[in-house]
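S.K.: Structure supplied as start_0.csv; contents: CSV, C-alpha atoms and all ligand atoms.
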chain,number,residue,atom,x,y,z
A,1,MET,CA,-8.3,10.4,9.0
A,2,LYS,CA,-5.8,7.6,8.5
A,3,ARG,CA,-7.1,4.9,6.2
A,4,ILE,CA,-5.9,1.5,7.3
A,5,ALA,CA,-5.7,-1.8,5.5
A,6,LEU,CA,-5.6,-4.7,8.0
A,7,LEU,CA,-4.2,-7.9,6.7
A,8,GLY,CA,-4.7,-10.9,8.9
A,9,ALA,CA,-7.7,-9.3,10.7
A,10,THR,CA,-8.9,-12.6,12.3
A,11,GLY,CA,-5.6,-13.3,14.1
A,12,SER,CA,-4.3,-12.4,17.5
A,13,ILE,CA,-2.7,-9.2,16.2
A,14,GLY,CA,-5.5,-8.5,13.8
A,15,ARG,CA,-8.2,-8.7,16.5
A,16,GLN,CA,-6.3,-6.4,18.9
A,17,ALA,CA,-5.7,-3.9,16.0
A,18,LEU,CA,-9.5,-3.9,15.4
A,19,GLU,CA,-10.0,-2.9,19.0
A,20,ILE,CA,-7.5,0.0,18.7
A,21,ILE,CA,-9.0,1.2,15.4
A,22,ALA,CA,-12.6,1.0,16.7
A,23,VAL,CA,-12.0,3.5,19.5
A,24,HIS,CA,-9.6,5.9,17.7
A,25,PRO,CA,-11.4,8.8,16.0
A,26,ASP,CA,-8.6,9.4,13.5
A,27,LEU,CA,-8.2,5.7,12.4
A,28,GLU,CA,-10.5,4.2,9.7
A,29,LEU,CA,-10.5,0.6,8.6
A,30,CYS,CA,-10.7,0.7,4.8
A,31,ALA,CA,-9.9,-2.9,4.0
A,32,ALA,CA,-9.4,-6.2,5.9
A,33,SER,CA,-8.3,-9.7,5.0
A,34,SER,CA,-8.2,-13.2,6.4
A,35,GLY,CA,-6.6,-16.4,5.3
A,36,SER,CA,-9.7,-18.5,5.4
A,37,GLN,CA,-12.3,-17.3,7.9
A,38,PRO,CA,-15.3,-15.3,6.6
A,39,ILE,CA,-15.1,-11.6,7.3
A,40,ASP,CA,-18.0,-10.1,5.3
A,41,GLY,CA,-18.9,-6.6,6.5
A,42,LEU,CA,-15.8,-6.2,8.7
A,43,ALA,CA,-14.5,-3.4,6.4
A,44,PRO,CA,-15.7,-1.6,3.3
A,45,LEU,CA,-13.4,-4.0,1.3
A,46,THR,CA,-12.7,-7.5,2.5
A,47,GLN,CA,-10.8,-10.4,1.0
A,48,VAL,CA,-10.5,-14.0,2.1
A,49,GLY,CA,-7.3,-15.7,0.9
A,50,GLY,CA,-6.0,-14.8,-2.6
A,51,ASP,CA,-3.4,-12.2,-3.6
A,52,LEU,CA,-3.4,-9.5,-0.9
A,53,THR,CA,-1.9,-7.0,-3.3
A,54,ASP,CA,-5.2,-7.0,-5.2
A,55,LEU,CA,-7.0,-5.8,-2.1
A,56,LEU,CA,-4.3,-3.2,-1.4
A,57,GLU,CA,-4.6,-1.9,-5.0
A,58,LEU,CA,-8.3,-1.4,-4.6
A,59,ALA,CA,-8.2,0.0,-1.1
A,60,ALA,CA,-5.3,2.5,-1.7
A,61,PRO,CA,-4.7,2.8,2.1
A,62,ASP,CA,-2.6,5.3,4.0
A,63,LEU,CA,-1.1,2.5,6.1
A,64,VAL,CA,-0.9,-1.2,5.8
A,65,LEU,CA,-0.9,-3.3,9.0
A,66,ASN,CA,0.5,-6.6,7.9
A,67,ALA,CA,-0.5,-9.1,10.6
A,68,VAL,CA,-0.5,-12.2,8.3
A,69,VAL,CA,1.5,-15.1,9.7
A,70,GLY,CA,4.4,-16.5,7.6
A,71,PHE,CA,6.0,-16.0,4.3
A,72,ALA,CA,2.5,-15.5,2.8
A,73,GLY,CA,2.8,-11.9,4.1
A,74,LEU,CA,5.7,-11.0,1.8
A,75,PRO,CA,3.9,-9.6,-1.3
A,76,ALA,CA,2.0,-7.2,0.9
A,77,THR,CA,5.1,-6.0,2.7
A,78,LEU,CA,6.8,-5.4,-0.6
A,79,TRP,CA,3.7,-3.7,-2.1
A,80,ALA,CA,3.6,-1.1,0.7
A,81,LEU,CA,7.4,-0.5,0.8
A,82,GLU,CA,7.7,-0.1,-2.9
A,83,ARG,CA,4.9,2.5,-3.0
A,84,GLY,CA,5.9,4.5,0.0
A,85,VAL,CA,2.8,3.5,1.8
A,86,ASP,CA,3.4,3.4,5.6
A,87,LEU,CA,3.8,-0.2,6.8
A,88,ALA,CA,3.1,-1.3,10.3
A,89,LEU,CA,4.8,-4.7,10.3
A,90,ALA,CA,3.9,-7.5,12.6
A,91,ASN,CA,4.7,-10.2,9.9
A,92,LYS,CA,8.3,-10.7,10.9
A,93,GLU,CA,8.7,-13.6,8.5
A,94,SER,CA,8.6,-11.3,5.4
A,95,LEU,CA,11.4,-9.1,6.7
A,96,VAL,CA,13.5,-12.1,7.7
A,97,ALA,CA,13.1,-13.9,4.4
A,98,ALA,CA,13.4,-10.8,2.2
A,99,GLY,CA,15.3,-8.2,4.3
A,100,ASP,CA,17.6,-7.0,1.5
A,101,LEU,CA,14.8,-6.8,-1.1
A,102,ALA,CA,12.5,-5.1,1.5
A,103,LEU,CA,15.0,-2.4,2.4
A,104,GLU,CA,15.7,-1.8,-1.3
A,105,ALA,CA,12.0,-1.4,-1.9
A,106,GLN,CA,11.7,1.0,1.1
A,107,ARG,CA,14.6,3.1,-0.2
A,108,ARG,CA,12.8,3.5,-3.5
A,109,GLY,CA,9.4,4.0,-2.0
A,110,GLY,CA,10.4,6.2,0.9
A,111,GLY,CA,7.6,5.2,3.3
A,112,ARG,CA,7.8,4.4,6.9
A,113,LEU,CA,8.5,0.9,8.2
A,114,LEU,CA,7.0,0.8,11.7
A,115,PRO,CA,7.7,-2.3,13.8
A,116,VAL,CA,4.8,-3.9,15.6
A,117,ASP,CA,6.8,-6.8,17.2
A,118,SER,CA,7.0,-5.7,20.9
A,119,GLU,CA,10.8,-5.9,21.1
A,120,HIS,CA,11.4,-3.9,17.9
A,121,SER,CA,8.8,-1.4,18.8
A,122,GLY,CA,10.5,-0.9,22.1
A,123,ALA,CA,13.9,-0.5,20.5
A,124,PHE,CA,12.5,1.8,17.9
A,125,GLN,CA,11.1,4.0,20.6
A,126,CYS,CA,14.4,4.0,22.6
A,127,LEU,CA,16.4,4.8,19.4
A,128,GLU,CA,14.2,7.8,18.3
A,129,GLY,CA,15.9,7.7,14.9
A,130,ARG,CA,19.4,8.1,16.2
A,131,SER,CA,22.1,7.1,13.8
A,132,VAL,CA,23.7,3.7,14.1
A,133,ASP,CA,27.1,5.0,15.1
A,134,GLN,CA,25.7,6.3,18.4
A,135,ILE,CA,24.6,2.8,19.4
A,136,HIS,CA,26.8,0.4,21.2
A,137,SER,CA,24.4,-2.5,21.1
A,138,LEU,CA,20.9,-3.7,21.2
A,139,VAL,CA,19.5,-6.2,23.7
A,140,LEU,CA,16.4,-8.2,22.8
A,141,THR,CA,14.6,-9.9,25.7
A,142,ALA,CA,13.0,-13.3,25.5
A,143,SER,CA,10.5,-14.7,28.0
A,144,GLY,CA,12.1,-18.1,27.5
A,145,GLY,CA,8.7,-19.6,26.7
A,146,PRO,CA,6.9,-22.4,28.5
A,147,PHE,CA,9.9,-24.7,28.5
A,148,ARG,CA,12.4,-22.3,30.2
A,149,GLY,CA,14.7,-24.2,32.5
A,150,ARG,CA,13.9,-27.6,31.0
A,151,THR,CA,16.6,-30.0,29.8
A,152,ARG,CA,16.6,-31.7,26.3
A,153,GLU,CA,15.5,-34.9,27.9
A,154,GLU,CA,12.5,-33.3,29.5
A,155,LEU,CA,11.5,-31.9,26.1
A,156,GLU,CA,11.6,-35.1,24.1
A,157,ALA,CA,7.9,-36.0,24.5
A,158,VAL,CA,6.2,-32.5,24.9
A,159,ALA,CA,2.9,-32.2,23.1
A,160,PRO,CA,1.7,-29.3,21.0
A,161,SER,CA,-0.7,-28.3,23.8
A,162,GLU,CA,2.2,-27.8,26.2
A,163,ALA,CA,4.1,-25.7,23.6
A,164,LEU,CA,1.0,-23.6,23.1
A,165,ALA,CA,0.8,-22.6,26.8
A,166,HIS,CA,2.9,-19.4,26.7
A,167,PRO,CA,3.6,-17.9,30.1
A,168,THR,CA,3.3,-14.2,29.3
A,169,TRP,CA,1.9,-13.6,25.8
A,170,ASN,CA,-1.3,-14.7,24.2
A,171,MET,CA,-0.5,-15.2,20.5
A,172,GLY,CA,-1.3,-17.2,17.4
A,173,PRO,CA,-0.2,-20.9,17.3
A,174,LYS,CA,2.8,-20.5,15.0
A,175,ILE,CA,4.6,-17.7,16.9
A,176,THR,CA,3.7,-19.5,20.2
A,177,VAL,CA,5.6,-22.6,19.1
A,178,ASP,CA,8.4,-20.4,17.8
A,179,SER,CA,8.6,-18.8,21.3
A,180,ALA,CA,8.8,-22.3,22.9
A,181,THR,CA,11.7,-23.3,20.6
A,182,LEU,CA,13.3,-19.8,20.7
A,183,ALA,CA,13.1,-19.7,16.8
A,184,ASN,CA,11.0,-16.6,17.4
A,185,LYS,CA,13.9,-14.8,19.0
A,186,GLY,CA,16.0,-16.0,16.1
A,187,LEU,CA,13.5,-14.4,13.7
A,188,GLU,CA,13.6,-11.3,15.8
A,189,LEU,CA,17.3,-11.1,15.8
A,190,ILE,CA,17.3,-11.1,12.0
A,191,GLU,CA,14.4,-8.7,12.0
A,192,ALA,CA,16.3,-6.3,14.2
A,193,HIS,CA,19.4,-6.5,12.0
A,194,PHE,CA,17.4,-5.3,9.0
A,195,LEU,CA,15.2,-2.8,10.8
A,196,PHE,CA,18.0,-1.0,12.7
A,197,ASP,CA,21.0,-1.6,10.3
A,198,LEU,CA,22.9,-3.2,13.2
A,199,PRO,CA,25.6,-6.0,12.7
A,200,TYR,CA,24.7,-9.2,14.4
A,201,GLU,CA,27.5,-8.9,16.9
A,202,GLU,CA,25.8,-5.8,18.2
A,203,ILE,CA,22.6,-7.5,19.0
A,204,ASP,CA,22.4,-9.6,22.2
A,205,VAL,CA,19.5,-11.7,23.4
A,206,VAL,CA,18.8,-12.3,27.1
A,207,VAL,CA,16.1,-14.2,28.9
A,208,HIS,CA,13.7,-12.0,30.9
A,209,PRO,CA,10.9,-14.3,32.2
A,210,THR,CA,8.2,-11.6,33.0
A,211,SER,CA,8.4,-9.8,29.6
A,212,ILE,CA,8.2,-6.4,31.3
A,213,VAL,CA,11.4,-5.0,29.6
A,214,HIS,CA,10.9,-5.4,25.8
A,215,ALA,CA,14.3,-4.1,24.6
A,216,LEU,CA,17.3,-2.2,25.8
A,217,VAL,CA,19.5,0.0,23.7
A,218,ARG,CA,23.1,0.6,25.0
A,219,PHE,CA,24.5,3.9,23.6
A,220,ARG,CA,28.2,4.7,23.1
A,221,ASP,CA,28.1,7.2,25.9
A,222,GLY,CA,27.4,4.5,28.5
A,223,ALA,CA,23.7,5.3,28.8
A,224,THR,CA,21.2,2.4,28.4
A,225,LEU,CA,17.6,3.1,27.5
A,226,ALA,CA,15.0,0.4,28.1
A,227,HIS,CA,11.4,0.0,27.1
A,228,LEU,CA,9.1,-1.3,29.8
A,229,GLY,CA,5.5,-2.1,30.1
A,230,TYR,CA,3.1,-5.0,30.7
A,231,PRO,CA,3.2,-7.6,27.9
A,232,ASP,CA,0.2,-6.4,25.8
A,233,MET,CA,0.5,-6.1,22.1
A,234,ARG,CA,-2.1,-3.3,22.0
A,235,VAL,CA,0.7,-0.9,23.0
A,236,PRO,CA,3.0,-1.5,20.0
A,237,ILE,CA,0.1,-1.9,17.7
A,238,SER,CA,-1.3,1.5,18.8
A,239,TYR,CA,2.1,3.1,18.5
A,240,ALA,CA,2.6,1.9,15.0
A,241,LEU,CA,-0.9,2.9,13.9
A,242,THR,CA,-0.7,6.4,15.4
A,243,TYR,CA,3.0,7.2,15.1
A,244,PRO,CA,4.5,9.7,15.8
A,245,SER,CA,1.8,10.4,18.3
A,246,ARG,CA,1.2,8.3,21.5
A,247,SER,CA,-2.5,7.7,21.7
A,248,ALA,CA,-4.3,6.4,24.8
A,249,THR,CA,-4.9,2.6,25.1
A,250,PRO,CA,-6.7,0.6,27.7
A,251,VAL,CA,-3.4,-0.8,29.0
A,252,ARG,CA,-2.7,0.3,32.6
A,253,PRO,CA,0.6,2.1,33.4
A,254,LEU,CA,3.4,0.0,35.0
A,255,ASP,CA,3.0,-0.3,38.7
A,256,VAL,CA,6.4,0.1,40.3
A,257,THR,CA,5.2,-0.2,43.8
A,258,ALA,CA,3.9,-3.8,43.7
A,259,GLY,CA,7.2,-5.6,44.1
A,260,LEU,CA,8.4,-5.3,40.5
A,261,THR,CA,11.7,-7.2,40.0
A,262,LEU,CA,13.5,-7.3,36.7
A,263,GLU,CA,15.4,-10.6,36.3
A,264,PHE,CA,17.7,-11.5,33.4
A,265,GLU,CA,19.4,-14.8,32.7
A,266,PRO,CA,21.5,-16.2,29.9
A,267,LEU,CA,20.1,-18.4,27.2
A,268,ASP,CA,20.4,-22.1,27.0
A,269,LEU,CA,21.5,-22.6,23.4
A,270,GLU,CA,22.1,-26.3,23.9
A,271,THR,CA,18.5,-27.0,24.7
A,272,PHE,CA,17.2,-24.4,22.3
A,273,PRO,CA,19.6,-24.4,19.3
A,274,LEU,CA,17.3,-22.6,16.9
A,275,LEU,CA,18.4,-19.2,18.0
A,276,ALA,CA,22.0,-20.2,17.3
A,277,HIS,CA,21.0,-21.5,13.8
A,278,ALA,CA,19.2,-18.2,13.1
A,279,ARG,CA,22.2,-16.1,14.2
A,280,LYS,CA,24.4,-18.1,11.9
A,281,ALA,CA,21.9,-17.9,9.0
A,282,GLY,CA,21.7,-14.1,9.5
A,283,GLU,CA,25.5,-13.7,9.5
A,284,GLN,CA,25.8,-15.8,6.4
A,285,GLY,CA,23.2,-13.6,4.8
A,286,GLY,CA,22.0,-14.2,1.2
A,287,THR,CA,19.0,-16.5,1.3
A,288,TYR,CA,20.1,-18.4,4.4
A,289,PRO,CA,17.6,-16.4,6.6
A,290,ALA,CA,14.8,-17.2,4.0
A,291,THR,CA,15.8,-20.9,4.3
A,292,PHE,CA,15.8,-20.7,8.1
A,293,ASN,CA,12.3,-19.2,8.0
A,294,ALA,CA,10.8,-21.6,5.4
A,295,ALA,CA,12.2,-24.7,7.0
A,296,ASN,CA,10.9,-23.5,10.4
A,297,GLU,CA,7.4,-22.9,9.0
A,298,VAL,CA,7.3,-26.5,7.6
A,299,ALA,CA,8.7,-28.0,10.8
A,300,VAL,CA,6.3,-26.1,13.1
A,301,ALA,CA,3.3,-27.0,11.0
A,302,ALA,CA,4.4,-30.7,11.2
A,303,PHE,CA,4.9,-30.4,15.0
A,304,LEU,CA,1.4,-28.8,15.4
A,305,ASP,CA,-0.1,-31.7,13.3
A,306,GLY,CA,1.5,-34.2,15.7
A,307,GLY,CA,3.8,-35.5,13.1
A,308,LEU,CA,7.2,-34.2,14.4
A,309,PRO,CA,8.7,-34.3,17.9
A,310,PHE,CA,9.4,-30.9,19.5
A,311,LEU,CA,13.2,-31.3,19.5
A,312,ALA,CA,13.2,-32.4,15.8
A,313,ILE,CA,12.0,-28.9,14.7
A,314,ALA,CA,15.6,-27.6,15.1
A,315,ASP,CA,17.0,-30.7,13.3
A,316,VAL,CA,14.7,-30.1,10.3
A,317,VAL,CA,15.8,-26.5,10.1
A,318,ALA,CA,19.5,-27.4,10.5
A,319,GLU,CA,19.2,-29.9,7.7
A,320,ALA,CA,17.6,-27.5,5.3
A,321,LEU,CA,20.3,-24.9,6.1
A,322,GLU,CA,22.9,-27.5,5.4
A,323,ALA,CA,21.3,-28.4,2.0
A,324,ALA,CA,20.8,-24.8,0.9
A,325,ASP,CA,23.4,-22.9,-1.1
A,326,GLY,CA,22.2,-19.5,0.3
A,327,SER,CA,23.0,-17.5,-2.8
A,328,PRO,CA,21.4,-14.1,-2.6
A,329,ALA,CA,18.1,-13.4,-4.3
A,330,HIS,CA,18.2,-10.5,-6.8
A,331,ASP,CA,14.4,-10.3,-7.1
A,332,LEU,CA,11.2,-11.7,-5.7
A,333,ASP,CA,11.2,-14.7,-8.1
A,334,GLU,CA,14.6,-15.8,-6.9
A,335,LEU,CA,13.5,-15.4,-3.3
A,336,VAL,CA,10.4,-17.4,-3.9
A,337,ALA,CA,12.5,-20.1,-5.5
A,338,ALA,CA,14.8,-20.2,-2.4
A,339,ASP,CA,11.8,-20.4,-0.1
A,340,ALA,CA,10.4,-23.3,-2.2
A,341,ALA,CA,13.7,-25.1,-2.2
A,342,ALA,CA,14.0,-24.8,1.6
A,343,ARG,CA,10.5,-26.2,2.0
A,344,ARG,CA,11.5,-29.2,-0.1
A,345,TYR,CA,14.6,-29.8,1.9
A,346,ALA,CA,12.6,-29.5,5.1
A,347,GLU,CA,9.9,-31.9,3.8
A,348,GLU,CA,12.7,-34.4,3.0
A,349,ALA,CA,14.1,-34.0,6.5
A,350,LEU,CA,10.7,-34.6,8.0
A,351,LYS,CA,10.5,-38.0,6.4
A,352,VAL,CA,13.5,-39.2,8.3
A,353,ALA,CA,12.9,-37.3,11.5
B,401,LIG,P1,-2.5,-15.7,13.9
B,401,LIG,O1,-2.3,-17.1,13.5
B,401,LIG,O2,-3.3,-15.5,15.2
B,401,LIG,O3,-3.2,-14.9,12.7
B,401,LIG,C1,-2.7,-14.9,11.4
B,401,LIG,C2,-3.7,-14.1,10.5
B,401,LIG,O4,-3.1,-14.3,9.2
B,401,LIG,C3,-5.1,-14.7,10.5
B,401,LIG,O5,-6.0,-13.6,10.2
B,401,LIG,C4,-5.1,-15.6,9.3
B,401,LIG,O6,-6.4,-15.8,8.7
B,401,LIG,C5,-4.2,-14.9,8.3
B,401,LIG,N1,-3.5,-15.8,7.4
B,401,LIG,C6,-2.9,-17.0,7.7
B,401,LIG,N2,-2.4,-17.6,6.6
B,401,LIG,C7,-2.6,-16.7,5.6
B,401,LIG,C8,-2.3,-16.7,4.2
B,401,LIG,N3,-1.7,-17.8,3.6
B,401,LIG,N4,-2.7,-15.7,3.4
B,401,LIG,C9,-3.4,-14.6,4.0
B,401,LIG,N5,-3.7,-14.6,5.3
B,401,LIG,C10,-3.3,-15.6,6.1
B,401,LIG,O7,-1.1,-15.0,14.1
B,401,LIG,P2,-0.7,-13.8,15.0
B,401,LIG,O8,-0.2,-14.3,16.3
B,401,LIG,O9,-1.7,-12.7,14.9
B,401,LIG,O10,0.7,-13.3,14.3
B,401,LIG,C11,0.6,-12.6,13.0
B,401,LIG,C12,2.0,-12.1,12.7
B,401,LIG,O11,2.5,-11.2,13.7
B,401,LIG,C13,3.1,-13.3,12.7
B,401,LIG,O12,4.1,-13.0,11.8
B,401,LIG,C14,3.7,-13.2,14.1
B,401,LIG,O13,5.0,-13.6,14.2
B,401,LIG,C15,3.7,-11.7,14.3
B,401,LIG,N6,3.6,-11.3,15.8
B,401,LIG,C16,2.6,-11.7,16.5
B,401,LIG,C17,2.6,-11.3,17.9
B,401,LIG,C18,1.4,-11.7,18.8
B,401,LIG,O14,1.3,-11.3,19.9
B,401,LIG,N7,0.4,-12.5,18.3
B,401,LIG,C19,3.6,-10.6,18.4
B,401,LIG,C20,4.7,-10.2,17.6
B,401,LIG,C21,4.6,-10.5,16.3
B,402,MG,MG,8.3,-10.3,19.8
Translate the structure of the given file into structure tokens.

M.R.:
Amino acid sequence: MKRIALLGATGSIGRQALEIIAVHPDLELCAASSGSQPIDGLAPLTQVGGDLTDLLELAAPDLVLNAVVGFAGLPATLWALERGVDLALANKESLVAAGDLALEAQRRGGGRLLPVDSEHSGAFQCLEGRSVDQIHSLVLTASGGPFRGRTREELEAVAPSEALAHPTWNMGPKITVDSATLANKGLELIEAHFLFDLPYEEIDVVVHPTSIVHALVRFRDGATLAHLGYPDMRVPISYALTYPSRSATPVRPLDVTAGLTLEFEPLDLETFPLLAHARKAGEQGGTYPATFNAANEVAVAAFLDGGLPFLAIADVVAEALEAADGSPAHDLDELVAADAAARRYAEEALKVA
């Protein structure tokens, strides 16, 4: 029996994880948390808000599924990695903000870091643990979001409700807006860099509107392996929870007889500059990725509140990156300080946006 602590149990990933756990005879939910919604009785141990590491200490799980949204998920990520407790990671923000600290913690702890993000789960499955020198490059696919093909002019007045209408994935509000701006792919680029130890120039991003191909890995021998399937997060969630086994899920196998076409197109970085900002922040390293993430969280929240135009999200992030010094964080306190500084820069930028 694998005892699972599910953090962010009321969210999009959390609810799908509950579905997987409920029907799997070898998975047991030992603890669950939410940010603010009541979850009494959902698991033997529950916690609403507060310090999630308190819950993890009490629960002593075999695996933590971190499905919290945002930087708030970081302490739980570090808790699991430091202790060698297997971590199924949906909370990409923690790895983006604290990639270096997280990998150091994992080296000390020795546990598994299992990606839940569909692109990274796909790449992880194609890679099968092969060493980095056998890889030519990784390709992450992006659906392009609801605004694919639009010009900047056409995006000037889009409302939150339009950004929240994602064409292929049904997700929480923050990541859905990130998908519309392509910040999500920027976060995923940085996430992939840390997860697979690949330099940024070996990670490409391409638009693939139907989200059937989740990732492609090009190997040095000329072979390319791709991960295909319908866009359904229950597949990567199940894979991370039951790894290295592949358990049955309710997701139907891919039908290749029904006119399946796989289209790819280049990105429009002029209309969606956040991916370029993320790439630069990742290449600069230090706390630049943490700054990118924090400023983006502030800007997305302001957009969802109706207080910031869609296109200004990227401006706020660019200004925070400009203001930051990016110096590396040697410990969690320094990282939290960099995150807080980035939020202040972003709040300043909001006032003039
Ligand atoms: P969501 O908004 O639907 O759910 C977030 C969960 O986190 C909720 O349970 C909420 O109560 C909890 N939460 C929010 N703020 C918190 C806080 N400060 N402290 C503790 N808990 C808090 O989000 P989601 O779509 O399920 O995404 C969760 C994470 O998974 C995000 O990092 C997202 O980028 C990543 N992810 C999601 C998907 C998807 O399909 N939804 C796909 C890939 C990656
Ligand atoms: Mg993804």

S.K.: When you count only C-alpha atoms and all ligand atoms, which of these residues is closest to ligand LIG 401 (chain B): A:Gly129, A:Gly149, A:Pro199, A:Pro231?

M.R.: A:Pro231

S.K.: Find the residues around Leu113 in chain A up to 8 Å (all atoms listed in the file counted), leave out those fewer than 6 positions away in its own chain, and share them as a VMD selection string.

M.R.: chain A and resid 81 86 to 89 106

S.K.: Write the residues you've just listed into a file as an mmCIF file, in the coordinates of the input, and include C-alpha atoms for each of them.

M.R.:
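Generated output (part06.cif):
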data_model
loop_
_atom_site.group_PDB
_atom_site.id
_atom_site.type_symbol
_atom_site.label_atom_id
_atom_site.label_comp_id
_atom_site.auth_asym_id
_atom_site.auth_seq_id
_atom_site.Cartn_x
_atom_site.Cartn_y
_atom_site.Cartn_z
ATOM 1 C CA LEU A 81 7.400 -0.500 0.800
ATOM 2 C CA ASP A 86 3.400 3.400 5.600
ATOM 3 C CA LEU A 87 3.800 -0.200 6.800
ATOM 4 C CA ALA A 88 3.100 -1.300 10.300
ATOM 5 C CA LEU A 89 4.800 -4.700 10.300
ATOM 6 C CA GLN A 106 11.700 1.000 1.100
#

S.K.: Counting all atoms listed in the file, figure out which residue out of A:Met171, A:Ala76, A:Leu42, A:Ala102 gets nearest to ligand MG 402 (chain B).

M.R.: A:Met171

S.K.: Pull the closest atom pair for each residue of range 46-159 of chain A that gets at most 10 Å from range 293-306 of chain A, along with the distance in Å to one decimal, counting only C-alpha atoms, ordering rows by chain and then ascending residue number, as a tab-separated table.

M.R.:
residue	atom	partner	partner_atom	distance
A:Val69	CA	A:Glu297	CA	9.8
A:Gly70	CA	A:Glu297	CA	7.2
A:Phe71	CA	A:Ala294	CA	7.5
A:Lys92	CA	A:Asn293	CA	9.8
A:Glu93	CA	A:Asn293	CA	6.7
A:Ser94	CA	A:Asn293	CA	9.1
A:Val96	CA	A:Asn293	CA	7.2
A:Ala97	CA	A:Asn293	CA	6.5
A:Ala159	CA	A:Gly306	CA	7.8

S.K.: Could you write those residues out with C-alpha atoms, as a compact mmCIF listing (two decimals), in the frame of the given file?

M.R.:
# COMPACT_ATOMS: atom_id res chain seq x y z
CA VAL A 69 1.50 -15.10 9.70
CA GLY A 70 4.40 -16.50 7.60
CA PHE A 71 6.00 -16.00 4.30
CA LYS A 92 8.30 -10.70 10.90
CA GLU A 93 8.70 -13.60 8.50
CA SER A 94 8.60 -11.30 5.40
CA VAL A 96 13.50 -12.10 7.70
CA ALA A 97 13.10 -13.90 4.40
CA ALA A 159 2.90 -32.20 23.10

S.K.: Within 6 Å of ligand LIG 401 (chain B), counting only C-alpha atoms and all ligand atoms: which residues, as a PyMOL selection string?

M.R.: chain A and resi 8-14+34-36+49+67-70+72+90-93+117+171-173+175+233

S.K.: Find the nearest atom pair between each residue of chain A and ligand MG 402 (chain B) for residues within 12 Å, count only C-alpha atoms and all ligand atoms, give distances in Å to one decimal, sort rows by chain and ascending number, and present the table as CSV.

M.R.:
residue,atom,partner,partner_atom,distance
A:Ile13,CA,B:MG402,MG,11.6
A:Leu89,CA,B:MG402,MG,11.6
A:Ala90,CA,B:MG402,MG,8.9
A:Asn91,CA,B:MG402,MG,10.5
A:Lys92,CA,B:MG402,MG,8.9
A:Glu93,CA,B:MG402,MG,11.8
A:Pro115,CA,B:MG402,MG,10.0
A:Val116,CA,B:MG402,MG,8.4
A:Asp117,CA,B:MG402,MG,4.6
A:Ser118,CA,B:MG402,MG,4.9
A:Glu119,CA,B:MG402,MG,5.2
A:His120,CA,B:MG402,MG,7.4
A:Ser121,CA,B:MG402,MG,9.0
A:Gly122,CA,B:MG402,MG,9.9
A:Ala123,CA,B:MG402,MG,11.3
A:Leu140,CA,B:MG402,MG,8.9
A:Thr141,CA,B:MG402,MG,8.6
A:Ala142,CA,B:MG402,MG,8.0
A:Ser143,CA,B:MG402,MG,9.6
A:Gly144,CA,B:MG402,MG,11.6
A:Gly145,CA,B:MG402,MG,11.6
A:Thr168,CA,B:MG402,MG,11.4
A:Trp169,CA,B:MG402,MG,9.4
A:Asn170,CA,B:MG402,MG,11.4
A:Met171,CA,B:MG402,MG,10.1
A:Ile175,CA,B:MG402,MG,8.8
A:Thr176,CA,B:MG402,MG,10.3
A:Asp178,CA,B:MG402,MG,10.3
A:Ser179,CA,B:MG402,MG,8.6
A:Leu182,CA,B:MG402,MG,10.8
A:Ala183,CA,B:MG402,MG,11.0
A:Asn184,CA,B:MG402,MG,7.3
A:Lys185,CA,B:MG402,MG,7.2
A:Gly186,CA,B:MG402,MG,10.3
A:Leu187,CA,B:MG402,MG,9.0
A:Glu188,CA,B:MG402,MG,6.7
A:Leu189,CA,B:MG402,MG,9.9
A:Ile190,CA,B:MG402,MG,11.9
A:Glu191,CA,B:MG402,MG,10.0
A:Ala192,CA,B:MG402,MG,10.6
A:Val205,CA,B:MG402,MG,11.8
A:Ser211,CA,B:MG402,MG,9.8
A:Val213,CA,B:MG402,MG,11.6
A:His214,CA,B:MG402,MG,8.2
A:Ala215,CA,B:MG402,MG,9.9
A:Pro231,CA,B:MG402,MG,9.9
A:Asp232,CA,B:MG402,MG,10.8
A:Met233,CA,B:MG402,MG,9.2
A:Pro236,CA,B:MG402,MG,10.3
A:Ile237,CA,B:MG402,MG,11.9

S.K.: Between CA of Leu18 in chain A and CA of Leu45 in chain A, measure the distance and give it in Å to one decimal.

M.R.: 14.6 Å

S.K.: Taking all atoms listed in the file into account, which of A:Arg130, A:Lys2, A:Arg83, A:Arg279 comes nearest Val217 in chain A?

M.R.: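 Looking at the shortest contact to Val217 in chain A, the residue is A:Arg130.
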